[in-house]
2 protein chains.
Amino acid sequence: MVKKPAPDAARRSERSRRAIYDAALALVAETGYPRTTIEAIAARAGVGKQTIYRWWPSKADVLLEAFLDLAEQAARDAGQVPYEIPDTGDLAADLKAVLRLTVDQMSDPRFTAPARALAAEGLVNEQLGRQLVAELLEPQLQLYVHRLRAAQDAGAVRPDADPRIALELFVSPIAQRWLQYTGPLTYEYTDTLVDYALHGLAPR
Amino acid sequence: MVKKPAPDAARRSERSRRAIYDAALALVAETGYPRTTIEAIAARAGVGKQTIYRWWPSKADVLLEAFLDLAEQAARDAGQVPYEIPDTGDLAADLKAVLRLTVDQMSDPRFTAPARALAAEGLVNEQLGRQLVAELLEPQLQLYVHRLRAAQDAGAVRPDADPRIALELFVSPIAQRWLQYTGPLTYEYTDTLVDYALHGLAPR
């Protein structure tokens, strides 16, 4: 989505790009998606609005890219690049570890304020909602698909389970508690979800 | 929340109340929560705004009550009053049946458009979000708690499982697919969730 700037302008461009990301994320968190205009982002970033239009076709694209960049930074800070779910051979332990990191991220206001504002708009703006899923959420979910497939190969997950549905048993409850304030997000809670999902609610 | 009108004014009041509910739900679906003002609801319902202020302290209260009324009507239409999750002794069948009805309701635009608008505002307005959960969502979730407790008494669910967390294994994935367009909502999908949640992902 980003057109690469010419090499000699790269350093200055990188500074502008970061200022634009920061402005876009701050604005959407403070004023919501509808009021986050290209004009407002440009003014806050201290760049001309043509600079923004040169790189991105719409404010949705700026915001999505700013958010992707933020998520990558957070992953780098947590030492998780290249990002994948660890495979120690113990599926429960690996899932519990990654879900605890997710809980940490969800309590970080740098991440959670713009994420809520984007998600809120995605609820009532189907086009943006589907773009958020395709570009931000689904790539994350595919990491779980990958890990669950490895677990199937290792005999730790039933071979007939669909990994794309299976992951929702522990990912979606966390998403709902985070988005809708339906309950506290603690490590104990996410550990419990993993245990229930792997072993089932019915007695064995 | 509603002050009962004097008996002689009851019929006229009931008509006004319904007009106000309809106006509030239509407005929030069309224009979103921030633009749904008491003034706009009154104008659309053809009543004075004092009529609304006499019965409800805020627009959030009008909307929550209108939405509760809509959900009750939908339950009545589906023959589900008094509303509870059936207990035929077959937990999987009972959960599958009620989740299929949920899927039907989520594809009904009368329900889904105002519900999305309210949920979107709840994401960025924590006070409203918590009110939505307390007054609309949690009472629904308690029906599952009740049914899962009966299943525990019957030996169909592990005695040590927390029903309030257990229900999230199948309720939250549906909520997320509905709210965030993360995947299709079909009967096959909801049936699969129930099977995975009850029997677990690990081989038995």
# chains A, B, ... in the order shown; residues from 1 in each chain; ligands from 1
>>> interface_residues(of="chain B", to="chain A", cutoff="6 Å", atoms="only C-alpha atoms", output="PDB file with all heavy atoms, in the first residue's frame")
ATOM      1  N   ALA B 120     -21.200  -0.457  19.061  1.00  0.00           N
ATOM      2  CA  ALA B 120     -20.086   0.383  18.605  1.00  0.00           C
ATOM      3  C   ALA B 120     -19.827   1.503  19.603  1.00  0.00           C
ATOM      4  O   ALA B 120     -18.681   1.781  19.970  1.00  0.00           O
ATOM      5  CB  ALA B 120     -20.377   0.955  17.220  1.00  0.00           C
ATOM      6  N   LEU B 123     -18.114   0.377  22.773  1.00  0.00           N
ATOM      7  CA  LEU B 123     -16.671   0.112  22.673  1.00  0.00           C
ATOM      8  C   LEU B 123     -15.832   1.309  23.085  1.00  0.00           C
ATOM      9  O   LEU B 123     -14.719   1.147  23.600  1.00  0.00           O
ATOM     10  CB  LEU B 123     -16.300  -0.242  21.224  1.00  0.00           C
ATOM     11  CG  LEU B 123     -16.046  -1.715  20.931  1.00  0.00           C
ATOM     12  CD1 LEU B 123     -17.238  -2.559  21.276  1.00  0.00           C
ATOM     13  CD2 LEU B 123     -15.665  -1.898  19.472  1.00  0.00           C
ATOM     14  N   ALA B 156     -23.352 -33.991  33.110  1.00  0.00           N
ATOM     15  CA  ALA B 156     -22.973 -33.797  31.712  1.00  0.00           C
ATOM     16  C   ALA B 156     -21.865 -32.765  31.531  1.00  0.00           C
ATOM     17  O   ALA B 156     -21.301 -32.630  30.443  1.00  0.00           O
ATOM     18  CB  ALA B 156     -24.193 -33.385  30.890  1.00  0.00           C
ATOM     19  N   VAL B 157     -21.581 -32.006  32.595  1.00  0.00           N
ATOM     20  CA  VAL B 157     -20.477 -31.030  32.572  1.00  0.00           C
ATOM     21  C   VAL B 157     -19.646 -31.270  33.834  1.00  0.00           C
ATOM     22  O   VAL B 157     -20.206 -31.540  34.911  1.00  0.00           O
ATOM     23  CB  VAL B 157     -21.012 -29.578  32.516  1.00  0.00           C
ATOM     24  CG1 VAL B 157     -19.919 -28.564  32.833  1.00  0.00           C
ATOM     25  CG2 VAL B 157     -21.621 -29.281  31.145  1.00  0.00           C
ATOM     26  N   ARG B 158     -18.308 -31.187  33.675  1.00  0.00           N
ATOM     27  CA  ARG B 158     -17.416 -31.379  34.827  1.00  0.00           C
ATOM     28  C   ARG B 158     -17.853 -30.521  36.007  1.00  0.00           C
ATOM     29  O   ARG B 158     -18.106 -29.322  35.812  1.00  0.00           O
ATOM     30  CB  ARG B 158     -16.010 -30.880  34.495  1.00  0.00           C
ATOM     31  CG  ARG B 158     -15.299 -31.567  33.413  1.00  0.00           C
ATOM     32  CD  ARG B 158     -14.087 -30.696  33.007  1.00  0.00           C
ATOM     33  NE  ARG B 158     -13.572 -31.184  31.747  1.00  0.00           N
ATOM     34  CZ  ARG B 158     -12.591 -32.076  31.649  1.00  0.00           C
ATOM     35  NH1 ARG B 158     -11.994 -32.516  32.729  1.00  0.00           N
ATOM     36  NH2 ARG B 158     -12.210 -32.501  30.471  1.00  0.00           N
ATOM     37  N   GLU B 168     -18.610 -18.939  27.504  1.00  0.00           N
ATOM     38  CA  GLU B 168     -17.913 -18.067  26.556  1.00  0.00           C
ATOM     39  C   GLU B 168     -17.279 -18.862  25.416  1.00  0.00           C
ATOM     40  O   GLU B 168     -17.012 -18.298  24.356  1.00  0.00           O
ATOM     41  CB  GLU B 168     -16.855 -17.225  27.272  1.00  0.00           C
ATOM     42  CG  GLU B 168     -17.480 -16.268  28.278  1.00  0.00           C
ATOM     43  CD  GLU B 168     -16.445 -15.445  29.037  1.00  0.00           C
ATOM     44  OE1 GLU B 168     -15.595 -14.815  28.387  1.00  0.00           O
ATOM     45  OE2 GLU B 168     -16.491 -15.444  30.291  1.00  0.00           O
ATOM     46  N   LEU B 169     -17.035 -20.148  25.614  1.00  0.00           N
ATOM     47  CA  LEU B 169     -16.420 -20.960  24.560  1.00  0.00           C
ATOM     48  C   LEU B 169     -17.305 -21.048  23.310  1.00  0.00           C
ATOM     49  O   LEU B 169     -16.791 -21.196  22.207  1.00  0.00           O
ATOM     50  CB  LEU B 169     -16.105 -22.378  25.067  1.00  0.00           C
ATOM     51  CG  LEU B 169     -14.703 -22.560  25.656  1.00  0.00           C
ATOM     52  CD1 LEU B 169     -14.480 -21.745  26.897  1.00  0.00           C
ATOM     53  CD2 LEU B 169     -14.392 -24.030  25.904  1.00  0.00           C
ATOM     54  N   SER B 172     -18.993 -16.412  22.830  1.00  0.00           N
ATOM     55  CA  SER B 172     -18.099 -15.343  22.365  1.00  0.00           C
ATOM     56  C   SER B 172     -17.684 -15.491  20.903  1.00  0.00           C
ATOM     57  O   SER B 172     -17.596 -14.493  20.188  1.00  0.00           O
ATOM     58  CB  SER B 172     -16.861 -15.250  23.262  1.00  0.00           C
ATOM     59  OG  SER B 172     -17.231 -14.928  24.589  1.00  0.00           O
ATOM     60  N   PRO B 173     -17.402 -16.718  20.416  1.00  0.00           N
ATOM     61  CA  PRO B 173     -17.082 -16.833  18.984  1.00  0.00           C
ATOM     62  C   PRO B 173     -18.216 -16.329  18.083  1.00  0.00           C
ATOM     63  O   PRO B 173     -17.963 -15.676  17.072  1.00  0.00           O
ATOM     64  CB  PRO B 173     -16.851 -18.336  18.805  1.00  0.00           C
ATOM     65  CG  PRO B 173     -16.341 -18.795  20.138  1.00  0.00           C
ATOM     66  CD  PRO B 173     -17.148 -17.991  21.126  1.00  0.00           C
ATOM     67  N   LEU B 179     -20.086  -9.385  15.277  1.00  0.00           N
ATOM     68  CA  LEU B 179     -19.683  -7.985  15.409  1.00  0.00           C
ATOM     69  C   LEU B 179     -18.590  -7.612  14.422  1.00  0.00           C
ATOM     70  O   LEU B 179     -18.604  -6.535  13.857  1.00  0.00           O
ATOM     71  CB  LEU B 179     -19.164  -7.717  16.826  1.00  0.00           C
ATOM     72  CG  LEU B 179     -20.219  -7.613  17.929  1.00  0.00           C
ATOM     73  CD1 LEU B 179     -19.552  -7.598  19.301  1.00  0.00           C
ATOM     74  CD2 LEU B 179     -21.053  -6.339  17.760  1.00  0.00           C
ATOM     75  N   ALA B 197     -16.601 -27.367  22.220  1.00  0.00           N
ATOM     76  CA  ALA B 197     -16.594 -26.909  23.613  1.00  0.00           C
ATOM     77  C   ALA B 197     -16.890 -28.059  24.566  1.00  0.00           C
ATOM     78  O   ALA B 197     -16.248 -28.192  25.619  1.00  0.00           O
ATOM     79  CB  ALA B 197     -17.615 -25.783  23.814  1.00  0.00           C
ATOM     80  N   LEU B 198     -17.821 -28.905  24.225  1.00  0.00           N
ATOM     81  CA  LEU B 198     -18.181 -29.989  25.148  1.00  0.00           C
ATOM     82  C   LEU B 198     -17.103 -31.075  25.167  1.00  0.00           C
ATOM     83  O   LEU B 198     -16.787 -31.620  26.224  1.00  0.00           O
ATOM     84  CB  LEU B 198     -19.530 -30.593  24.776  1.00  0.00           C
ATOM     85  CG  LEU B 198     -20.745 -29.670  24.984  1.00  0.00           C
ATOM     86  CD1 LEU B 198     -22.031 -30.401  24.644  1.00  0.00           C
ATOM     87  CD2 LEU B 198     -20.801 -29.164  26.418  1.00  0.00           C
ATOM     88  N   HIS B 199     -16.560 -31.400  24.007  1.00  0.00           N
ATOM     89  CA  HIS B 199     -15.664 -32.564  23.947  1.00  0.00           C
ATOM     90  C   HIS B 199     -14.191 -32.193  23.926  1.00  0.00           C
ATOM     91  O   HIS B 199     -13.335 -33.061  24.123  1.00  0.00           O
ATOM     92  CB  HIS B 199     -16.045 -33.444  22.756  1.00  0.00           C
ATOM     93  CG  HIS B 199     -17.485 -33.852  22.838  1.00  0.00           C
ATOM     94  ND1 HIS B 199     -17.980 -34.592  23.896  1.00  0.00           N
ATOM     95  CD2 HIS B 199     -18.546 -33.561  22.046  1.00  0.00           C
ATOM     96  CE1 HIS B 199     -19.287 -34.755  23.729  1.00  0.00           C
ATOM     97  NE2 HIS B 199     -19.661 -34.136  22.633  1.00  0.00           N
ATOM     98  N   GLY B 200     -13.879 -30.925  23.686  1.00  0.00           N
ATOM     99  CA  GLY B 200     -12.480 -30.486  23.751  1.00  0.00           C
ATOM    100  C   GLY B 200     -11.729 -30.761  22.465  1.00  0.00           C
ATOM    101  O   GLY B 200     -12.139 -31.573  21.652  1.00  0.00           O
ATOM    102  N   LEU B 201     -10.630 -30.041  22.303  1.00  0.00           N
ATOM    103  CA  LEU B 201      -9.830 -30.159  21.090  1.00  0.00           C
ATOM    104  C   LEU B 201      -8.818 -31.314  21.182  1.00  0.00           C
ATOM    105  O   LEU B 201      -8.401 -31.863  20.171  1.00  0.00           O
ATOM    106  CB  LEU B 201      -9.085 -28.850  20.828  1.00  0.00           C
ATOM    107  CG  LEU B 201      -9.976 -27.608  20.718  1.00  0.00           C
ATOM    108  CD1 LEU B 201      -9.124 -26.349  20.613  1.00  0.00           C
ATOM    109  CD2 LEU B 201     -10.920 -27.717  19.530  1.00  0.00           C
ATOM    110  N   ALA B 202      -8.442 -31.657  22.386  1.00  0.00           N
ATOM    111  CA  ALA B 202      -7.468 -32.753  22.547  1.00  0.00           C
ATOM    112  C   ALA B 202      -8.171 -34.095  22.336  1.00  0.00           C
ATOM    113  O   ALA B 202      -9.351 -34.225  22.654  1.00  0.00           O
ATOM    114  CB  ALA B 202      -6.856 -32.674  23.943  1.00  0.00           C
ATOM    115  N   PRO B 203      -7.463 -35.081  21.796  1.00  0.00           N
ATOM    116  CA  PRO B 203      -8.072 -36.402  21.606  1.00  0.00           C
ATOM    117  C   PRO B 203      -8.526 -36.970  22.948  1.00  0.00           C
ATOM    118  O   PRO B 203      -7.886 -36.718  23.983  1.00  0.00           O
ATOM    119  CB  PRO B 203      -6.934 -37.255  21.030  1.00  0.00           C
ATOM    120  CG  PRO B 203      -5.908 -36.277  20.527  1.00  0.00           C
ATOM    121  CD  PRO B 203      -6.054 -35.054  21.368  1.00  0.00           C
TER     122      PRO B 203
END
>>> closest_residue(among="A:Asp153, A:Asp94, A:Glu39, A:Asp22", to="Ile52 (chain A)", atoms="only C-alpha atoms")
A:Glu39
>>> atom_distance(atom1="CA of Ala26 (chain B)", atom2="CA of Phe67 (chain B)")
10.9 Å
>>> select_by_dssp(residues="region 72-204 of chain B", states="helix (DSSP H, G or I)", output="ChimeraX atom specification")
/B:72-77,91-106,109-124,126-153,163-166,168-180,187-199
>>> atom_distance(atom1="CA of Lys59 (chain A)", atom2="CA of Thr36 (chain A)")
7.8 Å
>>> residues_around(residues="Leu101 (chain B)", least_positions_apart="5", cutoff="12 Å", atoms="only C-alpha atoms", output="list in words")
Ala74, Ala75, Asp77, Ala78, Gly79, Gln80, Ile85, Asp94, Leu95, Lys96, Met106, Ser107, Asp108, Ile174, Leu185, Thr186, Tyr187, Thr190 and Asp191 of chain B
>>> atom_distance(atom1="CA of Glu14 (chain B)", atom2="CA of Gln142 (chain B)")
29.6 Å
>>> decode(residues="region 29-72 of chain A", atoms="N, CA and C atoms", output="PDB file, in the first residue's frame")
ATOM      1  N   ALA A  29      -7.802   7.843  18.585  1.00  0.00           N
ATOM      2  CA  ALA A  29      -8.048   7.502  19.989  1.00  0.00           C
ATOM      3  C   ALA A  29      -8.795   8.635  20.702  1.00  0.00           C
ATOM      4  N   GLU A  30      -8.453   9.882  20.343  1.00  0.00           N
ATOM      5  CA  GLU A  30      -9.039  11.030  21.054  1.00  0.00           C
ATOM      6  C   GLU A  30     -10.412  11.427  20.522  1.00  0.00           C
ATOM      7  N   THR A  31     -10.589  11.352  19.198  1.00  0.00           N
ATOM      8  CA  THR A  31     -11.807  11.945  18.625  1.00  0.00           C
ATOM      9  C   THR A  31     -12.659  10.942  17.869  1.00  0.00           C
ATOM     10  N   GLY A  32     -12.183   9.705  17.718  1.00  0.00           N
ATOM     11  CA  GLY A  32     -12.959   8.718  16.972  1.00  0.00           C
ATOM     12  C   GLY A  32     -12.645   8.754  15.485  1.00  0.00           C
ATOM     13  N   TYR A  33     -13.079   7.721  14.802  1.00  0.00           N
ATOM     14  CA  TYR A  33     -12.765   7.574  13.387  1.00  0.00           C
ATOM     15  C   TYR A  33     -13.387   8.667  12.506  1.00  0.00           C
ATOM     16  N   PRO A  34     -14.674   9.002  12.686  1.00  0.00           N
ATOM     17  CA  PRO A  34     -15.275   9.968  11.751  1.00  0.00           C
ATOM     18  C   PRO A  34     -14.565  11.319  11.732  1.00  0.00           C
ATOM     19  N   ARG A  35     -14.062  11.764  12.902  1.00  0.00           N
ATOM     20  CA  ARG A  35     -13.416  13.090  12.956  1.00  0.00           C
ATOM     21  C   ARG A  35     -11.929  13.049  12.619  1.00  0.00           C
ATOM     22  N   THR A  36     -11.383  11.869  12.426  1.00  0.00           N
ATOM     23  CA  THR A  36      -9.971  11.772  12.067  1.00  0.00           C
ATOM     24  C   THR A  36      -9.849  11.937  10.556  1.00  0.00           C
ATOM     25  N   THR A  37      -9.672  13.180  10.127  1.00  0.00           N
ATOM     26  CA  THR A  37      -9.585  13.465   8.695  1.00  0.00           C
ATOM     27  C   THR A  37      -8.119  13.540   8.275  1.00  0.00           C
ATOM     28  N   ILE A  38      -7.899  13.426   6.957  1.00  0.00           N
ATOM     29  CA  ILE A  38      -6.545  13.598   6.429  1.00  0.00           C
ATOM     30  C   ILE A  38      -6.005  14.983   6.811  1.00  0.00           C
ATOM     31  N   GLU A  39      -6.869  15.999   6.740  1.00  0.00           N
ATOM     32  CA  GLU A  39      -6.467  17.363   7.098  1.00  0.00           C
ATOM     33  C   GLU A  39      -5.987  17.429   8.549  1.00  0.00           C
ATOM     34  N   ALA A  40      -6.759  16.809   9.443  1.00  0.00           N
ATOM     35  CA  ALA A  40      -6.400  16.854  10.862  1.00  0.00           C
ATOM     36  C   ALA A  40      -5.105  16.085  11.128  1.00  0.00           C
ATOM     37  N   ILE A  41      -4.930  14.961  10.443  1.00  0.00           N
ATOM     38  CA  ILE A  41      -3.692  14.186  10.620  1.00  0.00           C
ATOM     39  C   ILE A  41      -2.501  15.018  10.142  1.00  0.00           C
ATOM     40  N   ALA A  42      -2.650  15.653   8.970  1.00  0.00           N
ATOM     41  CA  ALA A  42      -1.560  16.457   8.407  1.00  0.00           C
ATOM     42  C   ALA A  42      -1.190  17.600   9.351  1.00  0.00           C
ATOM     43  N   ALA A  43      -2.219  18.288   9.867  1.00  0.00           N
ATOM     44  CA  ALA A  43      -1.961  19.423  10.760  1.00  0.00           C
ATOM     45  C   ALA A  43      -1.208  18.958  12.005  1.00  0.00           C
ATOM     46  N   ARG A  44      -1.652  17.860  12.583  1.00  0.00           N
ATOM     47  CA  ARG A  44      -1.025  17.378  13.817  1.00  0.00           C
ATOM     48  C   ARG A  44       0.388  16.856  13.563  1.00  0.00           C
ATOM     49  N   ALA A  45       0.591  16.253  12.386  1.00  0.00           N
ATOM     50  CA  ALA A  45       1.913  15.701  12.064  1.00  0.00           C
ATOM     51  C   ALA A  45       2.874  16.789  11.576  1.00  0.00           C
ATOM     52  N   GLY A  46       2.332  17.990  11.279  1.00  0.00           N
ATOM     53  CA  GLY A  46       3.177  19.058  10.760  1.00  0.00           C
ATOM     54  C   GLY A  46       3.651  18.802   9.339  1.00  0.00           C
ATOM     55  N   VAL A  47       2.817  18.161   8.534  1.00  0.00           N
ATOM     56  CA  VAL A  47       3.141  17.944   7.116  1.00  0.00           C
ATOM     57  C   VAL A  47       1.994  18.500   6.273  1.00  0.00           C
ATOM     58  N   GLY A  48       2.259  18.687   4.980  1.00  0.00           N
ATOM     59  CA  GLY A  48       1.193  19.107   4.084  1.00  0.00           C
ATOM     60  C   GLY A  48       0.281  17.919   3.789  1.00  0.00           C
ATOM     61  N   LYS A  49      -1.005  18.189   3.522  1.00  0.00           N
ATOM     62  CA  LYS A  49      -1.881  17.032   3.310  1.00  0.00           C
ATOM     63  C   LYS A  49      -1.546  16.315   2.008  1.00  0.00           C
ATOM     64  N   GLN A  50      -0.869  17.005   1.074  1.00  0.00           N
ATOM     65  CA  GLN A  50      -0.438  16.326  -0.154  1.00  0.00           C
ATOM     66  C   GLN A  50       0.567  15.213   0.141  1.00  0.00           C
ATOM     67  N   THR A  51       1.377  15.428   1.189  1.00  0.00           N
ATOM     68  CA  THR A  51       2.327  14.378   1.592  1.00  0.00           C
ATOM     69  C   THR A  51       1.572  13.090   1.931  1.00  0.00           C
ATOM     70  N   ILE A  52       0.466  13.268   2.625  1.00  0.00           N
ATOM     71  CA  ILE A  52      -0.307  12.077   3.002  1.00  0.00           C
ATOM     72  C   ILE A  52      -0.967  11.460   1.766  1.00  0.00           C
ATOM     73  N   TYR A  53      -1.594  12.314   0.956  1.00  0.00           N
ATOM     74  CA  TYR A  53      -2.270  11.781  -0.237  1.00  0.00           C
ATOM     75  C   TYR A  53      -1.290  11.105  -1.192  1.00  0.00           C
ATOM     76  N   ARG A  54      -0.017  11.550  -1.180  1.00  0.00           N
ATOM     77  CA  ARG A  54       0.958  10.930  -2.062  1.00  0.00           C
ATOM     78  C   ARG A  54       1.201   9.470  -1.669  1.00  0.00           C
ATOM     79  N   TRP A  55       1.129   9.187  -0.379  1.00  0.00           N
ATOM     80  CA  TRP A  55       1.472   7.845   0.097  1.00  0.00           C
ATOM     81  C   TRP A  55       0.277   6.918   0.308  1.00  0.00           C
ATOM     82  N   TRP A  56      -0.862   7.505   0.660  1.00  0.00           N
ATOM     83  CA  TRP A  56      -2.013   6.645   1.001  1.00  0.00           C
ATOM     84  C   TRP A  56      -3.274   7.119   0.288  1.00  0.00           C
ATOM     85  N   PRO A  57      -4.061   6.190  -0.225  1.00  0.00           N
ATOM     86  CA  PRO A  57      -5.269   6.591  -0.942  1.00  0.00           C
ATOM     87  C   PRO A  57      -6.398   7.088  -0.043  1.00  0.00           C
ATOM     88  N   SER A  58      -6.411   6.719   1.237  1.00  0.00           N
ATOM     89  CA  SER A  58      -7.533   7.123   2.101  1.00  0.00           C
ATOM     90  C   SER A  58      -7.107   7.116   3.556  1.00  0.00           C
ATOM     91  N   LYS A  59      -7.931   7.723   4.403  1.00  0.00           N
ATOM     92  CA  LYS A  59      -7.584   7.740   5.825  1.00  0.00           C
ATOM     93  C   LYS A  59      -7.626   6.342   6.410  1.00  0.00           C
ATOM     94  N   ALA A  60      -8.501   5.475   5.874  1.00  0.00           N
ATOM     95  CA  ALA A  60      -8.539   4.089   6.376  1.00  0.00           C
ATOM     96  C   ALA A  60      -7.175   3.435   6.166  1.00  0.00           C
ATOM     97  N   ASP A  61      -6.566   3.689   5.017  1.00  0.00           N
ATOM     98  CA  ASP A  61      -5.258   3.083   4.732  1.00  0.00           C
ATOM     99  C   ASP A  61      -4.157   3.625   5.653  1.00  0.00           C
ATOM    100  N   VAL A  62      -4.187   4.925   5.913  1.00  0.00           N
ATOM    101  CA  VAL A  62      -3.203   5.487   6.851  1.00  0.00           C
ATOM    102  C   VAL A  62      -3.348   4.820   8.212  1.00  0.00           C
ATOM    103  N   LEU A  63      -4.591   4.748   8.682  1.00  0.00           N
ATOM    104  CA  LEU A  63      -4.821   4.220  10.023  1.00  0.00           C
ATOM    105  C   LEU A  63      -4.455   2.750  10.129  1.00  0.00           C
ATOM    106  N   LEU A  64      -4.835   1.977   9.125  1.00  0.00           N
ATOM    107  CA  LEU A  64      -4.512   0.551   9.151  1.00  0.00           C
ATOM    108  C   LEU A  64      -3.005   0.352   9.180  1.00  0.00           C
ATOM    109  N   GLU A  65      -2.299   1.138   8.377  1.00  0.00           N
ATOM    110  CA  GLU A  65      -0.856   0.972   8.330  1.00  0.00           C
ATOM    111  C   GLU A  65      -0.209   1.446   9.624  1.00  0.00           C
ATOM    112  N   ALA A  66      -0.728   2.541  10.187  1.00  0.00           N
ATOM    113  CA  ALA A  66      -0.198   3.038  11.459  1.00  0.00           C
ATOM    114  C   ALA A  66      -0.394   1.989  12.540  1.00  0.00           C
ATOM    115  N   PHE A  67      -1.538   1.334  12.479  1.00  0.00           N
ATOM    116  CA  PHE A  67      -1.840   0.335  13.489  1.00  0.00           C
ATOM    117  C   PHE A  67      -0.979  -0.913  13.325  1.00  0.00           C
ATOM    118  N   LEU A  68      -0.769  -1.318  12.077  1.00  0.00           N
ATOM    119  CA  LEU A  68       0.127  -2.457  11.805  1.00  0.00           C
ATOM    120  C   LEU A  68       1.526  -2.161  12.326  1.00  0.00           C
ATOM    121  N   ASP A  69       1.982  -0.932  12.082  1.00  0.00           N
ATOM    122  CA  ASP A  69       3.308  -0.525  12.528  1.00  0.00           C
ATOM    123  C   ASP A  69       3.403  -0.570  14.053  1.00  0.00           C
ATOM    124  N   LEU A  70       2.341  -0.101  14.720  1.00  0.00           N
ATOM    125  CA  LEU A  70       2.295  -0.124  16.182  1.00  0.00           C
ATOM    126  C   LEU A  70       2.370  -1.549  16.704  1.00  0.00           C
ATOM    127  N   ALA A  71       1.611  -2.447  16.065  1.00  0.00           N
ATOM    128  CA  ALA A  71       1.599  -3.843  16.493  1.00  0.00           C
ATOM    129  C   ALA A  71       2.981  -4.473  16.286  1.00  0.00           C
ATOM    130  N   GLU A  72       3.633  -4.110  15.178  1.00  0.00           N
ATOM    131  CA  GLU A  72       4.982  -4.650  14.924  1.00  0.00           C
ATOM    132  C   GLU A  72       5.975  -4.145  15.962  1.00  0.00           C
TER     133      GLU A  72
END
